[in-house]
$ cat run-v4.cif   # mmCIF, C-alpha atoms
data_query
#
loop_
_atom_site.label_atom_id
_atom_site.label_comp_id
_atom_site.auth_asym_id
_atom_site.auth_seq_id
_atom_site.Cartn_x
_atom_site.Cartn_y
_atom_site.Cartn_z
CA MET A 1 -102.10 5.88 204.64
CA ASP A 2 -98.45 6.36 203.80
CA ASN A 3 -96.31 4.38 206.27
CA THR A 4 -93.15 6.26 205.42
CA ALA A 5 -94.74 9.45 206.68
CA THR A 6 -95.45 8.09 210.20
CA PRO A 7 -93.67 10.27 212.75
CA VAL A 8 -90.94 8.56 214.77
CA LEU A 9 -92.69 9.28 218.08
CA GLN A 10 -95.83 7.52 216.91
CA GLN A 11 -93.80 4.50 215.73
CA ASN A 12 -92.26 4.09 219.15
CA GLN A 13 -95.65 4.04 220.83
CA ARG A 14 -97.01 1.22 218.71
CA PRO A 15 -98.13 -1.84 220.69
CA MET A 16 -95.42 -4.47 221.13
CA SER A 17 -95.92 -8.10 220.17
CA PRO A 18 -96.53 -10.05 223.41
CA HIS A 19 -93.72 -12.43 224.39
CA LEU A 20 -93.83 -16.05 225.60
CA GLY A 21 -94.46 -15.33 229.29
CA ILE A 22 -97.88 -13.85 228.69
CA TYR A 23 -99.38 -16.97 227.10
CA LYS A 24 -101.05 -19.90 228.80
CA TRP A 25 -99.20 -23.19 228.17
CA GLN A 26 -100.24 -24.90 224.94
CA LEU A 27 -99.18 -28.18 223.36
CA THR A 28 -98.56 -26.59 219.97
CA MET A 29 -96.11 -24.00 221.26
CA THR A 30 -94.31 -26.60 223.37
CA LEU A 31 -93.80 -28.83 220.33
CA SER A 32 -92.61 -25.84 218.31
CA ILE A 33 -89.98 -24.99 220.94
CA LEU A 34 -89.02 -28.67 221.29
CA HIS A 35 -88.55 -28.95 217.52
CA ARG A 36 -85.87 -26.27 217.74
CA ALA A 37 -84.34 -27.65 220.93
CA THR A 38 -84.10 -31.20 219.55
CA GLY A 39 -82.70 -29.81 216.29
CA VAL A 40 -79.91 -28.06 218.20
CA ALA A 41 -79.33 -31.17 220.35
CA LEU A 42 -79.10 -33.36 217.24
CA SER A 43 -76.64 -30.91 215.67
CA VAL A 44 -74.43 -31.43 218.72
CA GLY A 45 -75.02 -35.19 218.29
CA THR A 46 -73.39 -35.04 214.85
CA ILE A 47 -70.10 -34.75 216.76
CA LEU A 48 -70.66 -38.28 218.10
CA LEU A 49 -71.58 -39.48 214.60
CA ALA A 50 -68.36 -38.03 213.15
CA TRP A 51 -66.37 -39.44 216.09
CA LEU A 52 -67.92 -42.89 215.53
CA LEU A 53 -67.04 -42.97 211.83
CA ILE A 54 -63.52 -41.62 212.39
CA ALA A 55 -62.93 -44.15 215.19
CA LEU A 56 -64.16 -46.94 212.95
CA ALA A 57 -61.63 -45.87 210.32
CA ALA A 58 -58.80 -45.24 212.81
CA GLY A 59 -58.60 -48.69 214.38
CA ALA A 60 -59.74 -51.04 217.11
CA ASP A 61 -58.31 -48.97 219.98
CA SER A 62 -60.12 -45.80 218.89
CA TYR A 63 -63.30 -47.81 218.41
CA ARG A 64 -62.96 -49.25 221.93
CA THR A 65 -62.67 -45.71 223.34
CA ILE A 66 -65.94 -44.53 221.79
CA HIS A 67 -67.59 -47.82 222.72
CA MET A 68 -66.58 -47.33 226.37
CA PHE A 69 -67.94 -43.78 226.23
CA CYS A 70 -71.26 -44.97 224.76
CA ILE A 71 -71.84 -47.59 227.48
CA SER A 72 -70.79 -45.26 230.32
CA PRO A 73 -73.65 -43.72 232.35
CA VAL A 74 -73.12 -40.32 230.73
CA GLY A 75 -72.92 -41.94 227.29
CA LEU A 76 -76.11 -43.94 227.78
CA PHE A 77 -77.92 -40.86 229.09
CA LEU A 78 -76.84 -38.83 226.05
CA LEU A 79 -77.68 -41.64 223.64
CA ALA A 80 -81.17 -42.00 225.15
CA GLY A 81 -81.67 -38.24 224.82
CA TRP A 82 -80.45 -38.24 221.24
CA THR A 83 -82.65 -41.23 220.36
CA TRP A 84 -85.76 -39.44 221.58
CA SER A 85 -84.64 -36.15 219.98
CA LEU A 86 -84.12 -37.93 216.65
CA PHE A 87 -87.56 -39.55 216.67
CA PHE A 88 -89.28 -36.42 217.91
CA HIS A 89 -87.59 -34.24 215.27
CA LEU A 90 -88.36 -36.85 212.59
CA CYS A 91 -92.06 -37.17 213.51
CA ASN A 92 -92.62 -33.47 214.13
CA GLY A 93 -90.62 -32.70 210.98
CA ILE A 94 -93.07 -34.82 208.98
CA ARG A 95 -95.87 -32.86 210.70
CA HIS A 96 -94.23 -29.64 209.51
CA LEU A 97 -93.86 -30.97 205.96
CA VAL A 98 -97.56 -31.89 205.95
CA TRP A 99 -98.35 -28.32 207.02
CA ASP A 100 -96.15 -27.12 204.16
CA ILE A 101 -98.48 -28.81 201.67
CA GLY A 102 -101.40 -27.10 203.38
CA TRP A 103 -102.97 -29.90 205.43
CA GLY A 104 -103.76 -29.95 209.15
CA PHE A 105 -103.91 -26.30 210.19
CA GLU A 106 -107.30 -26.64 211.92
CA ILE A 107 -106.85 -26.39 215.70
CA PRO A 108 -108.22 -29.90 216.50
CA ARG A 109 -106.00 -31.42 213.78
CA ALA A 110 -102.94 -29.52 215.02
CA TYR A 111 -103.56 -30.99 218.49
CA ALA A 112 -104.29 -34.51 217.20
CA THR A 113 -101.13 -34.63 215.09
CA GLY A 114 -99.20 -33.03 217.97
CA TRP A 115 -100.18 -35.73 220.47
CA THR A 116 -99.53 -38.38 217.82
CA VAL A 117 -95.97 -37.04 217.46
CA VAL A 118 -95.45 -37.11 221.25
CA VAL A 119 -96.70 -40.70 221.61
CA ALA A 120 -94.87 -41.93 218.48
CA SER A 121 -91.55 -40.39 219.58
CA PHE A 122 -91.66 -42.22 222.94
CA VAL A 123 -92.91 -45.52 221.48
CA LEU A 124 -90.16 -45.53 218.83
CA THR A 125 -87.49 -44.60 221.41
CA ILE A 126 -88.53 -47.47 223.72
CA LEU A 127 -88.75 -49.88 220.77
CA VAL A 128 -85.21 -49.03 219.60
CA TRP A 129 -83.75 -49.40 223.09
CA VAL A 130 -85.48 -52.73 223.65
CA LEU A 131 -84.03 -53.95 220.33
CA ALA A 132 -80.58 -52.52 221.15
CA LEU A 133 -80.39 -54.10 224.61
CA GLN A 134 -81.69 -57.48 223.44
CA GLY A 135 -79.09 -60.21 223.29
CA GLY A 136 -76.88 -58.62 225.93
CA ALA A 137 -74.86 -56.57 223.48
CA ALA A 138 -74.11 -52.97 224.33
CA MET B 1 -102.40 -2.69 193.27
CA SER B 2 -100.30 -1.60 196.20
CA THR B 3 -101.47 -1.83 199.79
CA GLY B 4 -98.43 -0.04 201.16
CA GLY B 5 -99.31 3.48 200.01
CA GLY B 6 -98.15 5.95 197.47
CA ILE B 7 -94.60 4.87 196.61
CA PRO B 8 -94.43 2.65 193.50
CA LYS B 9 -91.90 -0.19 193.50
CA HIS B 10 -89.66 1.16 190.78
CA ALA B 11 -89.02 4.28 192.84
CA ASP B 12 -86.89 2.24 195.29
CA LEU B 13 -83.58 4.07 195.26
CA GLN B 14 -81.72 1.58 197.47
CA THR B 15 -78.74 -0.17 195.91
CA PRO B 16 -78.73 -3.99 196.16
CA LEU B 17 -76.00 -3.75 198.82
CA LYS B 18 -78.10 -1.36 200.88
CA ARG B 19 -81.05 -3.70 200.62
CA VAL B 20 -78.99 -6.68 201.78
CA ARG B 21 -77.61 -4.73 204.75
CA GLY B 22 -81.19 -4.05 205.77
CA TRP B 23 -81.51 -7.87 206.09
CA GLY B 24 -84.02 -7.90 203.23
CA SER B 25 -84.41 -10.90 200.98
CA SER B 26 -82.40 -9.49 198.06
CA LYS B 27 -84.46 -11.82 195.82
CA SER B 28 -83.32 -15.17 197.21
CA GLY B 29 -85.57 -15.34 200.27
CA THR B 30 -87.12 -18.73 199.57
CA HIS B 31 -83.88 -20.56 198.76
CA HIS B 32 -83.07 -21.40 202.38
CA PHE B 33 -86.67 -22.49 203.04
CA VAL B 34 -86.73 -24.75 199.97
CA VAL B 35 -83.36 -26.43 200.61
CA GLN B 36 -84.28 -26.99 204.26
CA ARG B 37 -87.40 -28.86 203.11
CA ILE B 38 -85.58 -30.83 200.39
CA THR B 39 -83.00 -32.06 202.91
CA ALA B 40 -85.82 -32.79 205.39
CA VAL B 41 -87.67 -34.97 202.88
CA ALA B 42 -84.44 -36.79 202.01
CA LEU B 43 -83.71 -37.38 205.69
CA ILE B 44 -87.00 -39.27 206.33
CA PRO B 45 -85.88 -42.51 204.62
CA LEU B 46 -82.22 -41.85 205.49
CA VAL B 47 -82.95 -41.59 209.23
CA ILE B 48 -84.95 -44.83 209.14
CA TRP B 49 -81.95 -46.52 207.48
CA PHE B 50 -79.57 -44.87 209.99
CA VAL B 51 -81.55 -46.16 212.98
CA TRP B 52 -81.42 -49.67 211.48
CA PHE B 53 -77.66 -49.24 210.91
CA VAL B 54 -76.93 -48.08 214.47
CA LEU B 55 -79.07 -50.92 215.87
CA ALA B 56 -77.00 -53.42 213.87
CA LEU B 57 -73.86 -51.62 215.06
CA SER B 58 -74.92 -51.98 218.69
CA HIS B 59 -74.73 -55.76 218.29
CA ALA B 60 -71.46 -55.74 216.33
CA ASP B 61 -67.81 -55.96 217.38
CA TYR B 62 -65.12 -53.88 215.69
CA ALA B 63 -64.48 -56.26 212.80
CA SER B 64 -68.14 -56.75 211.90
CA ALA B 65 -68.77 -52.98 212.29
CA ARG B 66 -66.07 -52.34 209.67
CA GLN B 67 -67.51 -55.10 207.54
CA MET B 68 -70.84 -53.23 207.46
CA LEU B 69 -69.28 -50.09 205.96
CA HIS B 70 -67.12 -52.21 203.66
CA ASN B 71 -70.32 -52.81 201.72
CA PRO B 72 -70.48 -50.06 199.04
CA VAL B 73 -74.27 -49.68 199.34
CA GLN B 74 -74.04 -49.10 203.10
CA ALA B 75 -71.08 -46.75 202.58
CA LEU B 76 -73.02 -44.81 199.95
CA LEU B 77 -76.05 -44.48 202.24
CA MET B 78 -73.82 -43.36 205.13
CA ILE B 79 -72.12 -40.73 202.98
CA VAL B 80 -75.46 -39.38 201.72
CA PHE B 81 -76.86 -39.45 205.27
CA VAL B 82 -73.87 -37.60 206.72
CA ALA B 83 -73.83 -34.96 203.97
CA THR B 84 -77.59 -34.34 204.20
CA THR B 85 -77.53 -34.28 208.01
CA PHE B 86 -74.73 -31.72 208.27
CA TRP B 87 -76.37 -29.62 205.54
CA HIS B 88 -79.77 -29.70 207.29
CA ALA B 89 -78.10 -28.98 210.66
CA GLN B 90 -76.29 -25.96 209.23
CA LEU B 91 -79.52 -24.57 207.76
CA GLY B 92 -81.35 -25.02 211.07
CA LEU B 93 -78.58 -23.62 213.26
CA GLN B 94 -78.31 -20.62 210.93
CA VAL B 95 -81.93 -19.67 211.68
CA VAL B 96 -81.51 -20.26 215.41
CA ILE B 97 -78.48 -17.92 215.43
CA GLU B 98 -80.35 -15.34 213.31
CA ASP B 99 -83.20 -15.40 215.81
CA TYR B 100 -81.33 -15.32 219.11
CA VAL B 101 -77.86 -13.80 218.58
CA HIS B 102 -78.20 -10.06 218.17
CA ALA B 103 -74.66 -8.69 218.64
CA THR B 104 -73.41 -8.32 215.06
CA TRP B 105 -69.83 -9.51 215.64
CA LEU B 106 -71.03 -12.52 217.63
CA GLU B 107 -73.67 -13.38 215.04
CA ILE B 108 -71.22 -13.26 212.13
CA THR B 109 -68.60 -15.19 214.13
CA SER B 110 -71.03 -17.94 215.16
CA GLN B 111 -72.53 -18.19 211.66
CA LEU B 112 -69.08 -18.69 210.16
CA LEU B 113 -68.06 -21.12 212.91
CA VAL B 114 -71.18 -23.27 212.39
CA LYS B 115 -70.66 -23.37 208.63
CA PHE B 116 -66.97 -24.27 208.96
CA LEU B 117 -67.63 -26.94 211.60
CA CYS B 118 -70.43 -28.50 209.54
CA ILE B 119 -68.21 -28.72 206.46
CA ILE B 120 -65.26 -30.13 208.45
CA GLY B 121 -67.55 -32.63 210.20
CA ALA B 122 -69.12 -33.76 206.93
CA VAL B 123 -65.83 -34.08 205.03
CA ALA B 124 -64.07 -35.87 207.93
CA SER B 125 -66.98 -38.33 208.24
CA ILE B 126 -67.06 -38.98 204.49
CA LEU B 127 -63.29 -39.55 204.37
CA ALA B 128 -63.62 -42.03 207.24
CA VAL B 129 -66.39 -43.92 205.44
CA VAL B 130 -64.38 -44.03 202.21
CA LYS B 131 -61.33 -45.31 204.10
CA VAL B 132 -63.33 -48.14 205.71
CA MET B 133 -65.08 -48.98 202.44
CA LEU B 134 -61.80 -49.28 200.50
CA ALA B 135 -59.91 -51.11 203.25
#
$ encode --input "run-v4.cif" --output "structure tokens"
Amino acid sequence: MDNTATPVLQQNQRPMSPHLGIYKWQLTMTLSILHRATGVALSVGTILLAWLLIALAAGADSYRTIHMFCISPVGLFLLAGWTWSLFFHLCNGIRHLVWDIGWGFEIPRAYATGWTVVVASFVLTILVWVLALQGGAA
Amino acid sequence: MSTGGGIPKHADLQTPLKRVRGWGSSKSGTHHFVVQRITAVALIPLVIWFVWFVLALSHADYASARQMLHNPVQALLMIVFVATTFWHAQLGLQVVIEDYVHATWLEITSQLLVKFLCIIGAVASILAVVKVMLA
């Protein structure tokens, strides 16, 4: 059938693709959304990275300012969020790259790798914070 | 063999500009996908290094923090990390904007803004690293 000949009226009555709200919650879709959300969050985090490097170059006073921000309650909260976002995006990114070479599309594998990513992201986050807080430095 | 019906490919009368304005691929559709993956692969070892670096930084005072980036190898890794990160961030944000921002003027404005900010952020960070390294 020739698609270009489809009348406009008929096109408008084609079934719509169902949107998010109609689906039951699934791990795989949650991780997909979180991959985007953490990616956006980490993009915002690059501001802190640039600030850190510029402060390091600018002098001790500038460095003290960013240090005070990082150990403030808001700073610690953001750093914890960015730590988890970084590890989640890293682990789930590897999962995506493995999909790109064609491995792991079977539903049970997609779930197994998905839960592995969730557990690994939290374990690595806790590990880094334990190491960071050791020795009383902050 | 065509599955799309009776019109052969060479009968496409659209100019390249027309095709681009229809948001078609204009023959470079995989470039973004490929570069996003190349930067992703590069970022796996770089992020592991970066986490180690920030952990060391968390135990360092100002002088020893500067000393770390005074080392050319660390400075090199930081520059590569920063450049790859801002590049990867720009590619990702571009797709997010394409997907969710539908008003044309707002989409073009935010796309330009993200690209400009990523370049400024990357260059500013690299200049800072070079300054500390050479100090």
$ resolve_selection --input "run-v4.cif" --expression "the PyMOL selection byres ((chain B and resi 61) around 12)" --output "VMD selection string"
(chain A and resid 56 60 63 to 64 67 137 to 138) or (chain B and resid 56 to 60 62 to 68)
$ resolve_selection --input "run-v4.cif" --expression "the PyMOL selection byres ((chain A and resi 84) around 9)" --output "list in words"
Thr38, Leu79, Ala80, Gly81, Trp82, Thr83, Ser85, Leu86, Phe87, Phe88, His89, Ser121, Phe122, Leu124, Thr125 and Ile126 of chain A
$ interface_residues --input "run-v4.cif" --of "chain B" --to "chain A" --cutoff "7 Å" --atoms "all atoms listed in the file" --output "PDB file with C-alpha atoms, keeping the file's coordinate frame"
ATOM      1  CA  GLY B   4     -98.430  -0.040 201.160  1.00  0.00           C
ATOM      2  CA  GLY B   5     -99.310   3.480 200.010  1.00  0.00           C
ATOM      3  CA  GLY B   6     -98.150   5.950 197.470  1.00  0.00           C
ATOM      4  CA  ILE B  44     -87.000 -39.270 206.330  1.00  0.00           C
ATOM      5  CA  LEU B  55     -79.070 -50.920 215.870  1.00  0.00           C
ATOM      6  CA  SER B  58     -74.920 -51.980 218.690  1.00  0.00           C
ATOM      7  CA  HIS B  59     -74.730 -55.760 218.290  1.00  0.00           C
ATOM      8  CA  TYR B  62     -65.120 -53.880 215.690  1.00  0.00           C
ATOM      9  CA  ARG B  66     -66.070 -52.340 209.670  1.00  0.00           C
ATOM     10  CA  ALA B  89     -78.100 -28.980 210.660  1.00  0.00           C
ATOM     11  CA  LEU B  93     -78.580 -23.620 213.260  1.00  0.00           C
ATOM     12  CA  GLY B 121     -67.550 -32.630 210.200  1.00  0.00           C
ATOM     13  CA  SER B 125     -66.980 -38.330 208.240  1.00  0.00           C
ATOM     14  CA  ALA B 128     -63.620 -42.030 207.240  1.00  0.00           C
ATOM     15  CA  VAL B 129     -66.390 -43.920 205.440  1.00  0.00           C
ATOM     16  CA  LYS B 131     -61.330 -45.310 204.100  1.00  0.00           C
ATOM     17  CA  VAL B 132     -63.330 -48.140 205.710  1.00  0.00           C
TER      18      VAL B 132
END
$ atom_distance --input "run-v4.cif" --atom1 "CA of Met133 in chain B" --atom2 "CA of Phe53 in chain B"
15.2 Å
$ atom_distance --input "run-v4.cif" --atom1 "CA of Val117 in chain A" --atom2 "CA of Leu31 in chain A"
9.0 Å
$ resolve_selection --input "run-v4.cif" --expression "the PyMOL selection byres ((chain B and resi 85) around 10)" --output "list in words"
Leu42, Ser43 and Thr46 of chain A; Thr39, Ala40, Ala42, Leu43, Leu46, Val47, Ile79, Val80, Phe81, Val82, Ala83, Thr84, Phe86, Trp87, His88, Ala89, Gln90, Leu91, Cys118 and Ala122 of chain B
$ closest_residue --input "run-v4.cif" --among "B:Leu134, B:Gln74, B:Thr30, B:Arg37" --to "Ile101 in chain A" --atoms "only C-alpha atoms"
B:Arg37
$ atom_distance --input "run-v4.cif" --atom1 "CA of Pro73 in chain A" --atom2 "CA of Val123 in chain A"
22.2 Å
$ residues_around --input "run-v4.cif" --residues "range 105-112 of chain A" --least-positions-apart "4" --cutoff "8 Å" --atoms "all atoms listed in the file" --output "ChimeraX atom specification"
/A:27-28,99,116
$ axis_aligned_box --input "run-v4.cif" --around "range 60-67 of chain B" --padding-each-side "3 Å" --output "AutoDock Vina command-line options"
--center_x -68.0 --center_y -54.5 --center_z 212.5 --size_x 13.0 --size_y 10.4 --size_z 15.8
$ closest_residue --input "run-v4.cif" --among "A:Thr30, A:Asn92, A:Ala41, A:Ser62" --to "Val119 in chain A" --atoms "all atoms listed in the file"
A:Asn92
$ decode --input "run-v4.cif" --residues "range 12-50 of chain A" --atoms "N, CA and C atoms" --output "compact mmCIF listing (two decimals), in the first residue's frame"
# COMPACT_ATOMS: atom_id res chain seq x y z
N ASN A 12 -5.15 10.87 10.96
CA ASN A 12 -5.46 11.42 12.27
C ASN A 12 -6.15 10.42 13.19
N GLN A 13 -6.75 9.40 12.61
CA GLN A 13 -7.46 8.43 13.43
C GLN A 13 -6.62 7.21 13.76
N ARG A 14 -5.34 7.27 13.39
CA ARG A 14 -4.46 6.14 13.72
C ARG A 14 -4.28 6.05 15.22
N PRO A 15 -4.09 4.82 15.75
CA PRO A 15 -3.91 4.69 17.20
C PRO A 15 -2.66 5.41 17.65
N MET A 16 -2.74 6.05 18.82
CA MET A 16 -1.60 6.77 19.38
C MET A 16 -0.73 5.79 20.17
N SER A 17 0.56 6.10 20.24
CA SER A 17 1.46 5.30 21.09
C SER A 17 1.11 5.59 22.55
N PRO A 18 0.92 4.56 23.38
CA PRO A 18 0.56 4.81 24.78
C PRO A 18 1.69 5.49 25.53
N HIS A 19 1.35 6.39 26.44
CA HIS A 19 2.37 7.13 27.18
C HIS A 19 2.61 6.45 28.54
N LEU A 20 3.62 6.99 29.26
CA LEU A 20 4.11 6.40 30.51
C LEU A 20 3.01 5.94 31.48
N GLY A 21 2.01 6.80 31.69
CA GLY A 21 1.03 6.57 32.74
C GLY A 21 0.25 5.27 32.63
N ILE A 22 0.25 4.69 31.42
CA ILE A 22 -0.59 3.52 31.20
C ILE A 22 0.12 2.23 31.61
N TYR A 23 1.47 2.32 31.78
CA TYR A 23 2.23 1.11 32.06
C TYR A 23 2.32 0.82 33.56
N LYS A 24 2.38 -0.45 33.88
CA LYS A 24 2.73 -0.88 35.23
C LYS A 24 4.21 -0.58 35.47
N TRP A 25 4.58 -0.27 36.73
CA TRP A 25 5.98 0.05 37.04
C TRP A 25 6.88 -1.13 36.69
N GLN A 26 8.01 -0.84 36.04
CA GLN A 26 9.00 -1.87 35.76
C GLN A 26 10.38 -1.35 36.09
N LEU A 27 11.27 -2.24 36.51
CA LEU A 27 12.64 -1.85 36.83
C LEU A 27 13.33 -1.23 35.62
N THR A 28 13.15 -1.88 34.46
CA THR A 28 13.90 -1.46 33.27
C THR A 28 13.55 -0.03 32.87
N MET A 29 12.27 0.34 32.97
CA MET A 29 11.92 1.70 32.56
C MET A 29 12.40 2.70 33.60
N THR A 30 12.39 2.28 34.88
CA THR A 30 12.88 3.18 35.93
C THR A 30 14.36 3.49 35.71
N LEU A 31 15.14 2.46 35.41
CA LEU A 31 16.57 2.67 35.19
C LEU A 31 16.82 3.54 33.96
N SER A 32 15.98 3.35 32.94
CA SER A 32 16.11 4.15 31.73
C SER A 32 15.89 5.63 32.04
N ILE A 33 14.82 5.91 32.81
CA ILE A 33 14.53 7.30 33.19
C ILE A 33 15.65 7.85 34.08
N LEU A 34 16.10 7.01 35.04
CA LEU A 34 17.16 7.45 35.95
C LEU A 34 18.47 7.73 35.21
N HIS A 35 18.72 6.99 34.11
CA HIS A 35 19.95 7.22 33.36
C HIS A 35 19.96 8.64 32.81
N ARG A 36 18.79 9.06 32.31
CA ARG A 36 18.66 10.43 31.82
C ARG A 36 18.76 11.43 32.95
N ALA A 37 18.01 11.16 34.03
CA ALA A 37 17.97 12.11 35.15
C ALA A 37 19.37 12.30 35.74
N THR A 38 20.11 11.18 35.95
CA THR A 38 21.45 11.31 36.52
C THR A 38 22.38 11.99 35.52
N GLY A 39 22.16 11.76 34.23
CA GLY A 39 22.98 12.44 33.22
C GLY A 39 22.80 13.94 33.28
N VAL A 40 21.55 14.39 33.42
CA VAL A 40 21.28 15.83 33.54
C VAL A 40 21.88 16.36 34.85
N ALA A 41 21.70 15.60 35.94
CA ALA A 41 22.23 16.02 37.24
C ALA A 41 23.76 16.15 37.18
N LEU A 42 24.41 15.20 36.52
CA LEU A 42 25.87 15.24 36.42
C LEU A 42 26.33 16.40 35.53
N SER A 43 25.52 16.73 34.52
CA SER A 43 25.85 17.89 33.69
C SER A 43 25.86 19.15 34.55
N VAL A 44 24.86 19.27 35.45
CA VAL A 44 24.85 20.40 36.37
C VAL A 44 26.07 20.33 37.30
N GLY A 45 26.46 19.11 37.67
CA GLY A 45 27.61 18.91 38.55
C GLY A 45 28.92 19.37 37.93
N THR A 46 28.97 19.47 36.59
CA THR A 46 30.20 19.94 35.96
C THR A 46 30.51 21.39 36.36
N ILE A 47 29.44 22.12 36.79
CA ILE A 47 29.67 23.48 37.28
C ILE A 47 30.57 23.44 38.51
N LEU A 48 30.30 22.49 39.42
CA LEU A 48 31.13 22.36 40.63
C LEU A 48 32.56 21.96 40.26
N LEU A 49 32.67 21.07 39.27
CA LEU A 49 34.00 20.64 38.81
C LEU A 49 34.80 21.83 38.28
N ALA A 50 34.15 22.64 37.42
CA ALA A 50 34.82 23.81 36.87
C ALA A 50 35.17 24.79 37.99
